[in-house]
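Structure data follow from entry-v2.csv (CSV, C-alpha atoms):
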chain,number,residue,atom,x,y,z
A,1,MET,CA,31.1,-21.4,51.0
A,2,ALA,CA,30.1,-18.2,52.8
A,3,GLU,CA,26.8,-16.8,51.9
A,4,ASP,CA,26.7,-13.6,49.8
A,5,ALA,CA,26.6,-10.5,51.9
A,6,THR,CA,23.5,-8.4,51.7
A,7,PRO,CA,23.1,-4.6,52.0
A,8,ASP,CA,21.0,-5.1,55.2
A,9,GLU,CA,23.7,-7.2,56.8
A,10,ILE,CA,26.3,-4.6,56.0
A,11,ALA,CA,24.2,-1.8,57.4
A,12,GLU,CA,23.4,-3.8,60.6
A,13,ARG,CA,27.0,-4.6,61.3
A,14,ILE,CA,28.0,-1.0,60.9
A,15,VAL,CA,25.3,0.3,63.1
A,16,ALA,CA,26.2,-2.3,65.7
A,17,ALA,CA,29.9,-1.4,65.6
A,18,ILE,CA,29.9,2.4,65.3
A,19,PRO,CA,28.5,4.4,68.2
A,20,ASN,CA,25.5,6.7,67.4
A,21,SER,CA,25.6,5.7,63.8
A,22,LYS,CA,22.9,5.3,61.2
A,23,VAL,CA,23.3,4.0,57.7
A,24,THR,CA,21.4,6.3,55.4
A,25,GLU,CA,22.2,4.4,52.2
A,26,SER,CA,23.1,0.8,51.7
A,27,HIS,CA,22.9,-1.1,48.4
A,28,GLY,CA,24.8,-3.7,46.5
A,29,ASP,CA,24.6,-6.8,44.4
A,30,GLY,CA,26.2,-9.3,46.8
A,31,HIS,CA,29.7,-8.4,45.9
A,32,HIS,CA,29.9,-4.6,45.4
A,33,PHE,CA,28.3,-2.4,48.0
A,34,ARG,CA,27.8,1.3,48.7
A,35,VAL,CA,27.0,2.7,52.1
A,36,THR,CA,26.6,6.2,53.6
A,37,VAL,CA,27.2,6.3,57.3
A,38,VAL,CA,26.3,9.2,59.5
A,39,SER,CA,27.7,9.3,63.0
A,40,ASP,CA,29.1,11.8,65.5
A,41,ALA,CA,31.9,9.3,66.0
A,42,PHE,CA,33.4,10.9,62.8
A,43,GLU,CA,33.7,14.3,64.4
A,44,GLY,CA,37.3,15.5,64.2
A,45,VAL,CA,38.4,12.3,62.5
A,46,SER,CA,40.2,12.3,59.1
A,47,ARG,CA,38.7,10.7,56.0
A,48,ILE,CA,41.2,7.9,56.2
A,49,ASP,CA,40.5,7.1,59.8
A,50,ARG,CA,36.8,7.3,59.3
A,51,HIS,CA,37.1,4.7,56.5
A,52,ARG,CA,39.4,2.6,58.7
A,53,LEU,CA,36.6,2.5,61.4
A,54,ILE,CA,34.3,1.0,58.8
A,55,ASN,CA,37.0,-1.3,57.3
A,56,GLU,CA,37.6,-2.8,60.7
A,57,VAL,CA,34.0,-3.9,60.9
A,58,PHE,CA,34.6,-6.1,57.8
A,59,ALA,CA,38.3,-7.0,58.5
A,60,GLY,CA,39.3,-9.9,56.4
A,61,GLU,CA,36.2,-9.8,54.2
A,62,LEU,CA,37.0,-6.8,52.1
A,63,GLY,CA,38.4,-7.9,48.8
A,64,GLY,CA,37.0,-11.4,49.5
A,65,ARG,CA,33.4,-12.1,50.5
A,66,ILE,CA,32.7,-8.4,50.2
A,67,HIS,CA,34.6,-7.6,47.0
A,68,ALA,CA,34.2,-3.9,47.2
A,69,LEU,CA,32.6,-1.5,49.6
A,70,SER,CA,32.3,2.2,48.7
A,71,ILE,CA,32.0,4.2,51.8
A,72,SER,CA,30.9,7.8,52.6
A,73,CYS,CA,31.3,8.8,56.2
A,74,LEU,CA,29.6,11.9,57.4
A,75,THR,CA,29.1,13.7,60.7
A,76,PRO,CA,25.5,14.7,61.4
A,77,GLU,CA,26.5,18.3,60.6
A,78,GLU,CA,28.0,17.3,57.2
A,79,SER,CA,24.9,15.2,56.3
A,80,LYS,CA,22.6,18.2,56.4
B,1,MET,CA,71.2,3.1,52.8
B,2,THR,CA,68.1,0.9,53.0
B,3,GLU,CA,68.2,-1.4,55.9
B,4,GLN,CA,68.0,-4.9,54.9
B,5,THR,CA,65.2,-6.9,56.7
B,6,GLU,CA,63.9,-10.4,56.3
B,7,ASN,CA,61.2,-9.1,53.9
B,8,PRO,CA,62.7,-7.6,50.7
B,9,LEU,CA,59.3,-7.2,49.0
B,10,ARG,CA,58.0,-5.1,51.9
B,11,ASP,CA,61.2,-3.1,51.8
B,12,ALA,CA,60.8,-2.5,48.1
B,13,ILE,CA,57.3,-1.3,48.5
B,14,ALA,CA,58.3,1.0,51.4
B,15,GLU,CA,61.1,2.4,49.3
B,16,ALA,CA,58.8,3.0,46.3
B,17,ILE,CA,56.5,5.0,48.6
B,18,ALA,CA,59.3,7.0,50.1
B,19,GLU,CA,61.0,7.8,46.7
B,20,ASN,CA,57.9,8.8,44.7
B,21,GLN,CA,56.1,12.0,45.7
B,22,VAL,CA,52.9,10.7,44.2
B,23,ILE,CA,52.5,7.0,43.8
B,24,LEU,CA,49.4,5.0,43.0
B,25,PHE,CA,49.1,1.2,43.7
B,26,MET,CA,46.4,-0.1,41.4
B,27,LYS,CA,45.1,-3.2,39.6
B,28,GLY,CA,46.6,-3.0,36.1
B,29,THR,CA,48.2,0.1,34.7
B,30,PRO,CA,46.8,3.6,33.9
B,31,GLU,CA,46.7,2.6,30.3
B,32,ARG,CA,45.1,-0.8,31.0
B,33,PRO,CA,43.4,-0.6,34.3
B,34,MET,CA,41.9,-4.0,35.4
B,35,CYS,CA,39.3,-2.7,37.9
B,36,GLY,CA,36.9,0.2,37.7
B,37,PHE,CA,38.0,1.7,41.0
B,38,SER,CA,41.6,1.7,39.9
B,39,ALA,CA,40.6,3.1,36.5
B,40,ARG,CA,38.7,6.0,38.1
B,41,THR,CA,41.4,6.9,40.5
B,42,ALA,CA,44.1,6.9,37.8
B,43,ALA,CA,41.9,9.0,35.5
B,44,THR,CA,41.3,11.5,38.3
B,45,LEU,CA,45.1,11.9,38.8
B,46,GLU,CA,45.6,12.3,35.1
B,47,ALA,CA,42.9,15.0,35.0
B,48,HIS,CA,44.9,16.8,37.7
B,49,LYS,CA,48.0,16.7,35.5
B,50,ALA,CA,50.1,15.7,38.4
B,51,PRO,CA,52.9,13.3,37.5
B,52,PHE,CA,52.5,10.1,39.4
B,53,ALA,CA,54.2,6.7,39.7
B,54,ALA,CA,51.9,3.7,39.2
B,55,VAL,CA,52.5,0.2,40.5
B,56,ASP,CA,50.4,-2.7,39.3
B,57,ILE,CA,49.7,-5.0,42.3
B,58,LEU,CA,48.3,-7.8,40.2
B,59,PRO,CA,51.5,-9.7,39.2
B,60,ASP,CA,51.9,-11.2,42.7
B,61,PRO,CA,49.3,-11.4,45.5
B,62,ARG,CA,52.1,-10.8,48.0
B,63,ILE,CA,52.5,-7.2,46.8
B,64,ARG,CA,49.0,-6.4,48.0
B,65,GLU,CA,49.5,-8.3,51.3
B,66,GLU,CA,52.6,-6.4,52.1
B,67,LEU,CA,51.2,-3.1,50.9
B,68,SER,CA,48.1,-3.5,53.1
B,69,GLY,CA,50.4,-4.4,56.0
B,70,ILE,CA,52.3,-1.2,55.6
B,71,SER,CA,49.3,1.1,55.0
B,72,ASN,CA,46.7,-0.5,57.3
B,73,TRP,CA,44.3,-0.2,54.3
B,74,PRO,CA,42.7,-3.3,52.9
B,75,THR,CA,41.7,-2.4,49.4
B,76,ILE,CA,43.1,-1.3,46.1
B,77,PRO,CA,43.7,1.4,44.8
B,78,GLN,CA,45.9,3.2,47.3
B,79,LEU,CA,47.3,6.7,46.7
B,80,PHE,CA,50.3,8.0,48.6
B,81,VAL,CA,51.5,11.5,48.5
B,82,ALA,CA,54.8,12.5,50.2
B,83,GLY,CA,54.9,9.1,51.9
B,84,GLU,CA,51.4,9.3,53.4
B,85,LEU,CA,48.3,7.3,52.4
B,86,VAL,CA,45.8,9.8,51.1
B,87,GLY,CA,43.1,7.4,50.3
B,88,GLY,CA,41.4,4.8,48.2
B,89,ALA,CA,38.9,5.3,45.4
B,90,ASP,CA,36.1,6.8,47.4
B,91,ILE,CA,38.3,9.3,49.3
B,92,ILE,CA,40.1,10.4,46.1
B,93,ALA,CA,36.8,10.9,44.4
B,94,GLU,CA,35.5,13.0,47.3
B,95,MET,CA,38.7,15.0,47.5
B,96,ALA,CA,38.7,15.6,43.7
B,97,GLU,CA,35.2,16.9,43.9
B,98,SER,CA,35.9,19.2,46.8
B,99,GLY,CA,39.2,20.5,45.4
B,100,GLU,CA,41.2,19.1,48.2
B,101,LEU,CA,43.0,16.7,46.0
B,102,ALA,CA,44.5,19.5,43.9
B,103,THR,CA,45.8,21.1,47.1
B,104,VAL,CA,47.3,17.9,48.3
B,105,LEU,CA,49.0,17.3,44.9
B,106,GLY,CA,50.1,20.9,44.7
B,107,VAL,CA,48.4,21.6,41.4
B,108,ASP,CA,45.6,23.7,40.1
B,109,ALA,CA,42.2,22.0,40.2
B,110,PRO,CA,41.3,20.6,36.7
B,111,GLU,CA,38.7,22.4,34.8
B,112,ALA,CA,35.5,20.5,34.6
B,113,GLY,CA,35.3,18.3,31.6
B,114,VAL,CA,38.9,18.8,30.5
B,115,SER,CA,40.9,15.7,30.6
B,116,GLU,CA,44.4,15.5,29.2
B,117,THR,CA,46.8,12.8,29.6
B,118,VAL,CA,50.0,13.4,31.5
B,119,ASP,CA,53.2,11.5,31.7
B,120,VAL,CA,53.0,8.6,34.0
B,121,VAL,CA,56.3,7.9,35.7
B,122,GLU,CA,57.4,4.4,35.1
B,123,ALA,CA,57.8,2.9,38.5
B,124,PRO,CA,60.5,0.4,38.8
B,125,PRO,CA,59.1,-3.1,39.0
B,126,LEU,CA,59.1,-4.5,42.5
B,127,THR,CA,61.5,-7.3,43.0
B,128,ILE,CA,59.6,-10.3,44.1
B,129,ASP,CA,61.7,-13.4,43.9
B,130,GLY,CA,65.2,-14.2,44.8
B,131,PRO,CA,67.6,-13.0,47.5
B,132,PRO,CA,68.4,-9.3,47.8
B,133,ALA,CA,71.7,-9.8,46.0
B,134,ASP,CA,69.8,-10.5,42.8
B,135,THR,CA,68.0,-7.2,42.7
B,136,THR,CA,70.5,-5.5,40.4
B,137,SER,CA,70.6,-8.2,37.8
B,138,ASP,CA,69.5,-7.0,34.4
Give the structure from this file in structure tokens form.
Amino acid sequence: MAEDATPDEIAERIVAAIPNSKVTESHGDGHHFRVTVVSDAFEGVSRIDRHRLINEVFAGELGGRIHALSISCLTPEESK
Amino acid sequence: MTEQTENPLRDAIAEAIAENQVILFMKGTPERPMCGFSARTAATLEAHKAPFAAVDILPDPRIREELSGISNWPTIPQLFVAGELVGGADIIAEMAESGELATVLGVDAPEAGVSETVDVVEAPPLTIDGPPADTTSD
């Protein structure tokens, strides 16, 4: 059995995978998580493709070990 | 017209996306959603009074597998407009808030607090079992 995911693990993996990113919000109960990610990598990228960047970090785990991940992806400008 | 491939379920999903201007793949139905994310997204569409087709992905896990293969999107719900994936629950909520969803749907933005039900188009059930020749059986 895989261990439950934690908000810290989710945040660390996003920061490791997305250039120049910071996770300004990460919380969850082991199954449902919510993150807000700020990165200039989202500049000029559609909402769908921003989410895909995050989804790829957790490929194969969404819907399984990570039951649900609510994502907000903002550019530094949008986060102001 | 539809080209027959080795994967009739995938074809049926692609056809449903192509044939319905607005189509929501969800867990459960708009009347009986089986997941909070699906419930919220269906309610958002209803608030916009845009007719939409709804497909319950729960009856067979292969529906979700094939859908995610087509859309490159891992989670449910998934909203398609004019054949394109618009988003999952988070994106639809953000777009509803900003007014973009009304634009994409080609409707007026709903007034805050007003929620009326609209007709949900009954999407034909996806054929899951059997060879393609069986799809017309009643």
message: Which residues are close to Asn55 in chain A, i.e. within 10 Å by all atoms listed in the file, leaving aside same-chain residues fewer than 5 positions away? Reply as a ChimeraX atom specification.
response: /A:14,49-50,60-62,69,71 /B:72-75
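Here CA of Ala47 in chain B is placed at a distance of 6.1 Å from CA of Pro110 in chain B.
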- request: Using all atoms listed in the file, find which residues of chain A lie within 12 Å of chain B and jot them down as an NGL selection string.
  value: :A and (32 or 34-36 or 46-64 or 66-74)
statement: Between CA of Val22 in chain B and CA of Ala102 in chain B lies a distance of 12.2 Å
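Neighbours of Gly30 in chain A closer than or equal to 6 Å, with all atoms listed in the file counted and sequence neighbours fewer than 6 positions away skipped, come out as Asp4, Ala5 and Thr6 of chain A.
Atom pair CA of Phe52 in chain B / CA of Gly44 in chain A: separated by 29.6 Å.
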message: Restricting the calculation to only C-alpha atoms: of B:Gly106, B:Ile92, B:Ala82, B:Gly99, which residue gets closest to Ala43 in chain B?
response: B:Ile92
field: Residues near Glu77 in chain A, cut-off 12 Å, only C-alpha atoms, skip fewer than 3 positions along chain, as a list of chain:residue names
entry: A:Val38, A:Ser39, A:Asp40, A:Ala41, A:Phe42, A:Glu43, A:Gly44, A:Cys73, A:Leu74, A:Lys80
- prompt: From the list B:Glu111, B:Glu66, B:Glu31, B:Asp11, which residue is nearest Glu97 in chain B when using all atoms listed in the file?
  reply: B:Glu111
Atoms are missing here; could range 40-57 of chain A be completed with N, CA and C atoms and written as a PDB file, keeping the file's coordinate frame?
ATOM      1  N   ASP A  40      28.251  10.799  64.860  1.00  0.00           N
ATOM      2  CA  ASP A  40      29.100  11.800  65.500  1.00  0.00           C
ATOM      3  C   ASP A  40      30.451  11.266  65.895  1.00  0.00           C
ATOM      4  N   ALA A  41      30.607   9.943  65.746  1.00  0.00           N
ATOM      5  CA  ALA A  41      31.900   9.300  66.000  1.00  0.00           C
ATOM      6  C   ALA A  41      32.958   9.824  64.958  1.00  0.00           C
ATOM      7  N   PHE A  42      32.500  10.411  63.847  1.00  0.00           N
ATOM      8  CA  PHE A  42      33.400  10.900  62.800  1.00  0.00           C
ATOM      9  C   PHE A  42      33.874  12.315  63.039  1.00  0.00           C
ATOM     10  N   GLU A  43      33.314  12.940  64.066  1.00  0.00           N
ATOM     11  CA  GLU A  43      33.700  14.300  64.400  1.00  0.00           C
ATOM     12  C   GLU A  43      35.165  14.433  64.658  1.00  0.00           C
ATOM     13  N   GLY A  44      35.846  15.307  63.914  1.00  0.00           N
ATOM     14  CA  GLY A  44      37.300  15.500  64.200  1.00  0.00           C
ATOM     15  C   GLY A  44      38.160  14.358  63.713  1.00  0.00           C
ATOM     16  N   VAL A  45      37.613  13.422  62.941  1.00  0.00           N
ATOM     17  CA  VAL A  45      38.400  12.300  62.500  1.00  0.00           C
ATOM     18  C   VAL A  45      38.641  12.413  60.987  1.00  0.00           C
ATOM     19  N   SER A  46      39.869  12.141  60.554  1.00  0.00           N
ATOM     20  CA  SER A  46      40.200  12.300  59.100  1.00  0.00           C
ATOM     21  C   SER A  46      39.455  11.315  58.267  1.00  0.00           C
ATOM     22  N   ARG A  47      39.411  11.615  56.977  1.00  0.00           N
ATOM     23  CA  ARG A  47      38.700  10.700  56.000  1.00  0.00           C
ATOM     24  C   ARG A  47      39.266   9.302  56.131  1.00  0.00           C
ATOM     25  N   ILE A  48      40.586   9.237  56.112  1.00  0.00           N
ATOM     26  CA  ILE A  48      41.200   7.900  56.200  1.00  0.00           C
ATOM     27  C   ILE A  48      40.804   7.157  57.398  1.00  0.00           C
ATOM     28  N   ASP A  49      40.848   7.820  58.533  1.00  0.00           N
ATOM     29  CA  ASP A  49      40.500   7.100  59.800  1.00  0.00           C
ATOM     30  C   ASP A  49      39.042   6.803  59.895  1.00  0.00           C
ATOM     31  N   ARG A  50      38.185   7.610  59.301  1.00  0.00           N
ATOM     32  CA  ARG A  50      36.800   7.300  59.300  1.00  0.00           C
ATOM     33  C   ARG A  50      36.564   5.962  58.492  1.00  0.00           C
ATOM     34  N   HIS A  51      37.205   5.887  57.342  1.00  0.00           N
ATOM     35  CA  HIS A  51      37.100   4.700  56.500  1.00  0.00           C
ATOM     36  C   HIS A  51      37.653   3.464  57.260  1.00  0.00           C
ATOM     37  N   ARG A  52      38.756   3.717  57.987  1.00  0.00           N
ATOM     38  CA  ARG A  52      39.400   2.600  58.700  1.00  0.00           C
ATOM     39  C   ARG A  52      38.387   2.054  59.766  1.00  0.00           C
ATOM     40  N   LEU A  53      37.606   2.930  60.389  1.00  0.00           N
ATOM     41  CA  LEU A  53      36.600   2.500  61.400  1.00  0.00           C
ATOM     42  C   LEU A  53      35.636   1.494  60.715  1.00  0.00           C
ATOM     43  N   ILE A  54      35.226   1.832  59.492  1.00  0.00           N
ATOM     44  CA  ILE A  54      34.300   1.000  58.800  1.00  0.00           C
ATOM     45  C   ILE A  54      35.007  -0.305  58.294  1.00  0.00           C
ATOM     46  N   ASN A  55      36.211  -0.112  57.762  1.00  0.00           N
ATOM     47  CA  ASN A  55      37.000  -1.300  57.300  1.00  0.00           C
ATOM     48  C   ASN A  55      37.156  -2.325  58.354  1.00  0.00           C
ATOM     49  N   GLU A  56      37.391  -1.835  59.582  1.00  0.00           N
ATOM     50  CA  GLU A  56      37.600  -2.800  60.700  1.00  0.00           C
ATOM     51  C   GLU A  56      36.425  -3.651  60.966  1.00  0.00           C
ATOM     52  N   VAL A  57      35.247  -3.119  60.681  1.00  0.00           N
ATOM     53  CA  VAL A  57      34.000  -3.900  60.900  1.00  0.00           C
ATOM     54  C   VAL A  57      34.044  -5.159  60.004  1.00  0.00           C
TER      55      VAL A  57
END
